>>> print(open('target11.cif').read())   # mmCIF, C-alpha atoms
data_structure
loop_
_atom_site.label_atom_id
_atom_site.label_comp_id
_atom_site.auth_asym_id
_atom_site.auth_seq_id
_atom_site.Cartn_x
_atom_site.Cartn_y
_atom_site.Cartn_z
CA MET A 30 12.88 -8.69 19.80
CA ASP A 31 14.70 -11.53 18.08
CA SER A 32 16.44 -11.21 14.75
CA GLU A 33 14.29 -13.54 12.62
CA PRO A 34 13.94 -12.09 9.11
CA PHE A 35 10.70 -10.46 8.02
CA PHE A 36 9.95 -13.04 5.31
CA LEU A 37 11.77 -15.99 6.90
CA GLU A 38 15.08 -16.69 5.16
CA VAL A 39 16.24 -14.67 2.17
CA ASN A 40 17.93 -17.15 -0.14
CA ASP A 41 17.49 -18.83 -3.49
CA ASP A 42 14.16 -20.20 -2.26
CA PHE A 43 12.67 -16.73 -1.89
CA PRO A 44 9.04 -17.02 -3.13
CA VAL A 45 9.19 -15.30 -6.49
CA ASP A 46 5.75 -16.57 -7.49
CA GLU A 47 3.82 -14.88 -4.68
CA LEU A 48 2.56 -11.32 -4.43
CA VAL A 49 3.83 -8.82 -1.88
CA HIS A 50 0.55 -8.59 0.01
CA GLN A 51 0.29 -12.40 0.08
CA LEU A 52 3.71 -12.58 1.71
CA PHE A 53 2.53 -10.02 4.24
CA VAL A 54 -0.61 -12.07 5.03
CA GLU A 55 1.50 -15.20 5.54
CA HIS A 56 3.84 -13.38 7.91
CA ALA A 57 0.91 -11.84 9.79
CA ALA A 58 -0.54 -15.33 10.33
CA LEU A 59 2.79 -16.55 11.72
CA HIS A 60 3.49 -13.54 13.96
CA PRO A 61 0.22 -11.64 14.59
CA ASP A 62 1.42 -10.02 17.82
CA ARG A 63 4.66 -8.59 16.52
CA PRO A 64 4.76 -4.83 15.87
CA ALA A 65 4.41 -4.09 12.16
CA LEU A 66 4.09 -0.31 11.91
CA VAL A 67 5.35 2.37 14.27
CA GLU A 68 4.73 6.09 13.93
CA GLY A 69 5.45 8.22 16.97
CA ASP A 70 3.52 6.69 19.86
CA LYS A 71 1.16 4.81 17.54
CA GLU A 72 1.81 1.14 16.85
CA LEU A 73 0.02 -1.62 14.94
CA THR A 74 0.80 -5.31 15.16
CA TYR A 75 0.81 -7.53 12.09
CA GLY A 76 -2.50 -9.04 13.16
CA GLU A 77 -4.13 -5.65 13.59
CA LEU A 78 -2.77 -4.39 10.29
CA ASP A 79 -3.96 -7.54 8.54
CA ARG A 80 -7.51 -7.26 9.92
CA ILE A 81 -7.80 -3.52 9.24
CA THR A 82 -6.59 -3.81 5.64
CA ASP A 83 -8.84 -6.84 5.08
CA SER A 84 -11.83 -4.79 6.18
CA ILE A 85 -10.97 -1.80 3.98
CA ALA A 86 -10.32 -4.11 1.02
CA ALA A 87 -13.71 -5.72 1.60
CA GLY A 88 -15.26 -2.25 1.58
CA LEU A 89 -13.55 -1.41 -1.71
CA LEU A 90 -14.87 -4.63 -3.24
CA ALA A 91 -18.36 -3.89 -1.95
CA GLY A 92 -17.99 -0.45 -3.55
CA GLY A 93 -17.38 -2.05 -6.93
CA ILE A 94 -13.61 -2.00 -7.39
CA LYS A 95 -12.52 -4.52 -10.02
CA ALA A 96 -9.29 -6.50 -10.34
CA GLY A 97 -6.63 -4.27 -11.87
CA GLU A 98 -8.66 -1.10 -11.36
CA THR A 99 -6.85 1.99 -10.12
CA ALA A 100 -7.41 3.56 -6.69
CA GLY A 101 -5.79 6.79 -5.60
CA VAL A 102 -3.78 7.03 -2.37
CA TYR A 103 -3.84 10.70 -1.42
CA ILE A 104 -2.06 10.61 1.93
CA ASP A 105 1.27 11.82 3.24
CA ARG A 106 3.80 9.14 4.28
CA SER A 107 2.35 7.67 7.47
CA ILE A 108 0.76 4.56 8.95
CA ASN A 109 -2.42 5.30 7.01
CA TYR A 110 -0.37 5.49 3.82
CA ILE A 111 0.76 1.88 4.30
CA ILE A 112 -2.76 0.83 5.31
CA ALA A 113 -4.09 2.33 2.09
CA ILE A 114 -1.50 0.57 -0.09
CA LEU A 115 -2.12 -2.84 1.47
CA SER A 116 -5.89 -2.37 1.31
CA VAL A 117 -5.85 -1.59 -2.40
CA MET A 118 -3.52 -4.52 -3.11
CA LYS A 119 -5.76 -6.91 -1.17
CA SER A 120 -8.79 -5.68 -3.09
CA GLY A 121 -7.05 -6.63 -6.33
CA GLY A 122 -6.68 -3.00 -7.33
CA CYS A 123 -3.72 -0.97 -8.56
CA TYR A 124 -2.81 1.91 -6.26
CA VAL A 125 -1.84 5.35 -7.51
CA PRO A 126 0.24 7.32 -4.96
CA ILE A 127 -0.60 11.03 -5.17
CA ASP A 128 1.42 13.63 -3.27
CA PRO A 129 -0.99 15.87 -1.30
CA ASP A 130 1.30 18.85 -2.01
CA ILE A 131 0.90 18.79 -5.80
CA PRO A 132 -1.12 21.58 -7.47
CA ALA A 133 -4.84 21.02 -8.07
CA GLU A 134 -4.30 20.91 -11.83
CA ARG A 135 -1.87 18.00 -11.52
CA LEU A 136 -4.19 16.22 -9.07
CA ASN A 137 -7.10 16.51 -11.48
CA PHE A 138 -4.95 15.26 -14.34
CA ILE A 139 -3.73 12.15 -12.49
CA ILE A 140 -7.19 11.17 -11.23
CA ASN A 141 -8.75 11.66 -14.66
CA ASP A 142 -5.85 10.04 -16.51
CA THR A 143 -5.99 6.88 -14.37
CA GLY A 144 -9.77 6.82 -14.14
CA CYS A 145 -9.73 6.41 -10.36
CA ARG A 146 -13.21 5.70 -9.01
CA HIS A 147 -11.87 5.26 -5.47
CA ILE A 148 -9.52 7.47 -3.47
CA LEU A 149 -8.16 6.66 -0.02
CA SER A 150 -7.29 9.74 2.00
CA GLU A 151 -7.71 11.55 5.35
CA SER A 152 -10.02 14.29 6.58
CA GLN A 153 -7.20 16.86 6.60
CA TYR A 154 -7.29 16.78 2.78
CA THR A 155 -11.03 17.23 2.22
CA ASP A 156 -10.61 20.79 0.94
CA LYS A 157 -8.12 19.67 -1.71
CA LEU A 158 -10.38 16.75 -2.68
CA SER A 159 -13.61 18.77 -2.69
CA GLY A 160 -14.34 17.78 -6.27
CA PHE A 161 -13.83 14.07 -5.57
CA MET A 162 -15.45 13.48 -2.17
CA ASP A 163 -18.09 11.20 -3.71
CA LYS A 164 -15.32 8.68 -4.44
CA THR A 165 -13.13 9.29 -1.37
CA ILE A 166 -12.73 7.04 1.68
CA LEU A 167 -11.39 8.90 4.73
CA LEU A 168 -9.31 6.38 6.65
CA ASP A 169 -9.19 8.43 9.83
CA LYS A 170 -13.01 8.51 9.94
CA LEU A 171 -13.58 4.77 9.57
CA ASP A 172 -15.12 2.87 12.47
CA LEU A 173 -12.48 0.24 13.14
CA SER A 174 -14.34 -1.23 16.11
CA VAL A 175 -16.24 -3.48 13.70
CA LEU A 176 -14.09 -5.04 10.99
CA THR A 177 -15.35 -6.95 7.97
CA PRO A 178 -13.34 -10.05 7.02
CA LEU A 179 -12.07 -10.44 3.48
CA THR A 180 -13.67 -13.79 2.72
CA GLU A 181 -12.85 -14.10 -0.98
CA PRO A 182 -9.65 -12.28 -1.98
CA PRO A 183 -9.72 -11.50 -5.71
CA ALA A 184 -7.44 -13.35 -8.10
CA VAL A 185 -4.39 -11.27 -8.97
CA SER A 186 -1.36 -12.47 -10.93
CA LEU A 187 2.29 -11.45 -11.11
CA SER A 188 1.52 -9.69 -14.39
CA SER A 189 -1.22 -7.58 -12.79
CA LEU A 190 -0.46 -3.93 -12.10
CA ALA A 191 0.60 -3.18 -8.53
CA TYR A 192 0.82 0.60 -8.83
CA ILE A 193 1.19 3.51 -11.21
CA ILE A 194 3.54 6.30 -10.25
CA TYR A 195 3.62 9.64 -12.05
CA THR A 196 6.72 11.55 -13.07
CA SER A 197 6.84 15.11 -14.33
CA GLY A 198 7.50 13.94 -17.88
CA SER A 199 10.04 15.46 -20.26
CA THR A 200 7.44 17.89 -21.62
CA GLY A 201 6.14 18.88 -18.21
CA THR A 202 3.01 16.75 -18.60
CA PRO A 203 2.74 14.07 -15.87
CA LYS A 204 3.55 10.61 -17.17
CA GLY A 205 2.36 7.42 -15.48
CA VAL A 206 4.80 4.53 -15.08
CA GLU A 207 3.08 1.16 -14.62
CA ILE A 208 4.66 -1.34 -12.21
CA GLU A 209 3.57 -4.98 -12.20
CA HIS A 210 3.53 -7.16 -9.08
CA ALA A 211 6.39 -9.27 -10.46
CA SER A 212 8.61 -6.18 -10.61
CA LEU A 213 8.27 -5.65 -6.85
CA LEU A 214 9.71 -8.97 -5.74
CA ILE A 215 13.37 -8.68 -6.79
CA PRO A 216 14.01 -5.21 -5.28
CA ILE A 217 12.16 -6.23 -2.14
CA LYS A 218 14.26 -9.40 -1.87
CA ASN A 219 17.40 -7.27 -2.17
CA GLN A 220 16.10 -4.80 0.42
CA ILE A 221 15.31 -7.61 2.86
CA ALA A 222 18.80 -9.07 2.42
CA ALA A 223 20.32 -5.65 3.17
CA ILE A 224 18.09 -5.25 6.21
CA ILE A 225 19.08 -8.64 7.61
CA HIS A 226 22.76 -7.85 7.08
CA GLY A 227 22.54 -4.40 8.62
CA GLN A 228 19.97 -5.20 11.32
CA GLN A 229 17.88 -2.25 10.17
CA ASN A 230 14.10 -1.82 10.20
CA MET A 231 11.71 -2.34 7.29
CA LEU A 232 11.64 1.29 6.11
CA ALA A 233 13.35 0.16 2.91
CA ILE A 234 10.42 -2.12 2.09
CA VAL A 235 8.09 0.85 2.22
CA ALA A 236 10.49 2.74 -0.04
CA ALA A 237 10.49 -0.12 -2.52
CA TRP A 238 6.71 -0.04 -2.64
CA SER A 239 6.24 3.67 -3.08
CA ALA A 240 9.47 4.67 -4.88
CA SER A 241 10.12 7.27 -2.21
CA LYS A 242 10.97 7.25 1.48
CA ALA A 243 8.21 6.78 4.01
CA SER A 244 8.18 8.42 7.42
CA SER A 245 6.82 5.43 9.33
CA SER A 246 8.73 2.22 9.90
CA PHE A 247 7.99 -1.40 9.13
CA THR A 248 9.56 -3.61 11.78
CA ARG A 249 10.41 -7.24 11.76
#
>>> encode(input="target11.cif", output="structure tokens")
Amino acid sequence: MDSEPFFLEVNDDFPVDELVHQLFVEHAALHPDRPALVEGDKELTYGELDRITDSIAAGLLAGGIKAGETAGVYIDRSINYIIAILSVMKSGGCYVPIDPDIPAERLNFIINDTGCRHILSESQYTDKLSGFMDKTILLDKLDLSVLTPLTEPPAVSLSSLAYIIYTSGSTGTPKGVEIEHASLLIPIKNQIAAIIHGQQNMLAIVAAWSASKASSSFTR
């Protein structure tokens, strides 16, 4: 594999007026056959990842998600975790990462506090999500043999929310921190520069998105 950077050259011309998922779509169009995600013996190319996330985003839109609306991502760090994030972003929504290991009380609080009407998860978590299955999409149960194109991506701006991440809060009550799309670009630019210098993989990009390390790797 050659050493061309993930988002072309990282310099003063870095596109600070585009959204992260738009940059991904542009790169996928340029290099659809390059590996994008690797987890164990499972691999997705940029083209495959683009088509899958388009289809899930189209499903979210058909299900009524609105621009800026929250959607829970209740999945451990994995390929499906990245698929969920990209899908919500493409739908115009704001993703809410939820650790599957948190207590039920905290889970209920976060979902109710954010007003999530959509949750992306996997079948291994159905017991924990028993009270929310009417709003849950199980990514590992989707039929990916027929994919729906995303014909009209919703309008999202740099000031739109990209995600909300919850901390424990100083009083012990979970507190949501809202992150706009514009706030993602500078740290991601810095991460890309470090990756190009160190010839590392794109794991740091995933970390920048989710504010914690992911177990699967983005590759250039």
>>> atom_distance(input="target11.cif", atom1="CA of Cys123 (chain A)", atom2="CA of Ile193 (chain A)")
7.2 Å
>>> closest_atom_pairs(input="target11.cif", of="region 85-134 of chain A", to="region 168-189 of chain A", cutoff="12 Å", atoms="only C-alpha atoms", output="Markdown table")
| residue | atom | partner | partner_atom | distance |
| --- | --- | --- | --- | --- |
| A:Ile85 | CA | A:Thr177 | CA | 7.9 |
| A:Ala86 | CA | A:Leu179 | CA | 7.0 |
| A:Ala87 | CA | A:Leu179 | CA | 5.3 |
| A:Gly88 | CA | A:Thr177 | CA | 7.9 |
| A:Leu89 | CA | A:Leu179 | CA | 10.5 |
| A:Leu90 | CA | A:Pro183 | CA | 8.9 |
| A:Ala91 | CA | A:Leu179 | CA | 10.6 |
| A:Ile94 | CA | A:Pro183 | CA | 10.4 |
| A:Lys95 | CA | A:Pro183 | CA | 8.7 |
| A:Ala96 | CA | A:Pro183 | CA | 6.8 |
| A:Gly97 | CA | A:Ser189 | CA | 6.4 |
| A:Glu98 | CA | A:Ser189 | CA | 10.0 |
| A:Thr99 | CA | A:Ser189 | CA | 11.4 |
| A:Val102 | CA | A:Leu168 | CA | 10.6 |
| A:Tyr103 | CA | A:Leu168 | CA | 10.7 |
| A:Ile104 | CA | A:Leu168 | CA | 9.6 |
| A:Ser107 | CA | A:Leu168 | CA | 11.8 |
| A:Ile108 | CA | A:Leu168 | CA | 10.5 |
| A:Asn109 | CA | A:Leu168 | CA | 7.0 |
| A:Tyr110 | CA | A:Leu168 | CA | 9.4 |
| A:Ile111 | CA | A:Leu168 | CA | 11.3 |
| A:Ile112 | CA | A:Leu168 | CA | 8.7 |
| A:Ala113 | CA | A:Leu168 | CA | 8.0 |
| A:Ile114 | CA | A:Leu168 | CA | 11.8 |
| A:Ser116 | CA | A:Leu179 | CA | 10.4 |
| A:Val117 | CA | A:Pro183 | CA | 11.1 |
| A:Met118 | CA | A:Val185 | CA | 9.0 |
| A:Lys119 | CA | A:Pro182 | CA | 6.7 |
| A:Ser120 | CA | A:Pro183 | CA | 6.4 |
| A:Gly121 | CA | A:Pro183 | CA | 5.6 |
| A:Gly122 | CA | A:Val185 | CA | 8.7 |
| A:Cys123 | CA | A:Ser189 | CA | 8.2 |
| A:Tyr124 | CA | A:Ser189 | CA | 11.6 |
>>> atom_distance(input="target11.cif", atom1="CA of Tyr192 (chain A)", atom2="CA of Leu136 (chain A)")
16.4 Å
>>> atom_distance(input="target11.cif", atom1="CA of Val49 (chain A)", atom2="CA of Leu115 (chain A)")
9.1 Å
>>> resolve_selection(input="target11.cif", expression="the PyMOL selection byres ((chain A and resi 131) around 12)", output="ChimeraX atom specification")
/A:103-105,126-130,132-139,157-158,195-197,203
>>> closest_residue(input="target11.cif", among="A:Gly69, A:Thr165, A:Thr74, A:Ala191", to="His50 (chain A)", atoms="all atoms listed in the file")
A:Ala191
>>> closest_residue(input="target11.cif", among="A:Glu207, A:Thr155, A:Gly160, A:Gly93", to="Thr143 (chain A)", atoms="only C-alpha atoms")
A:Glu207
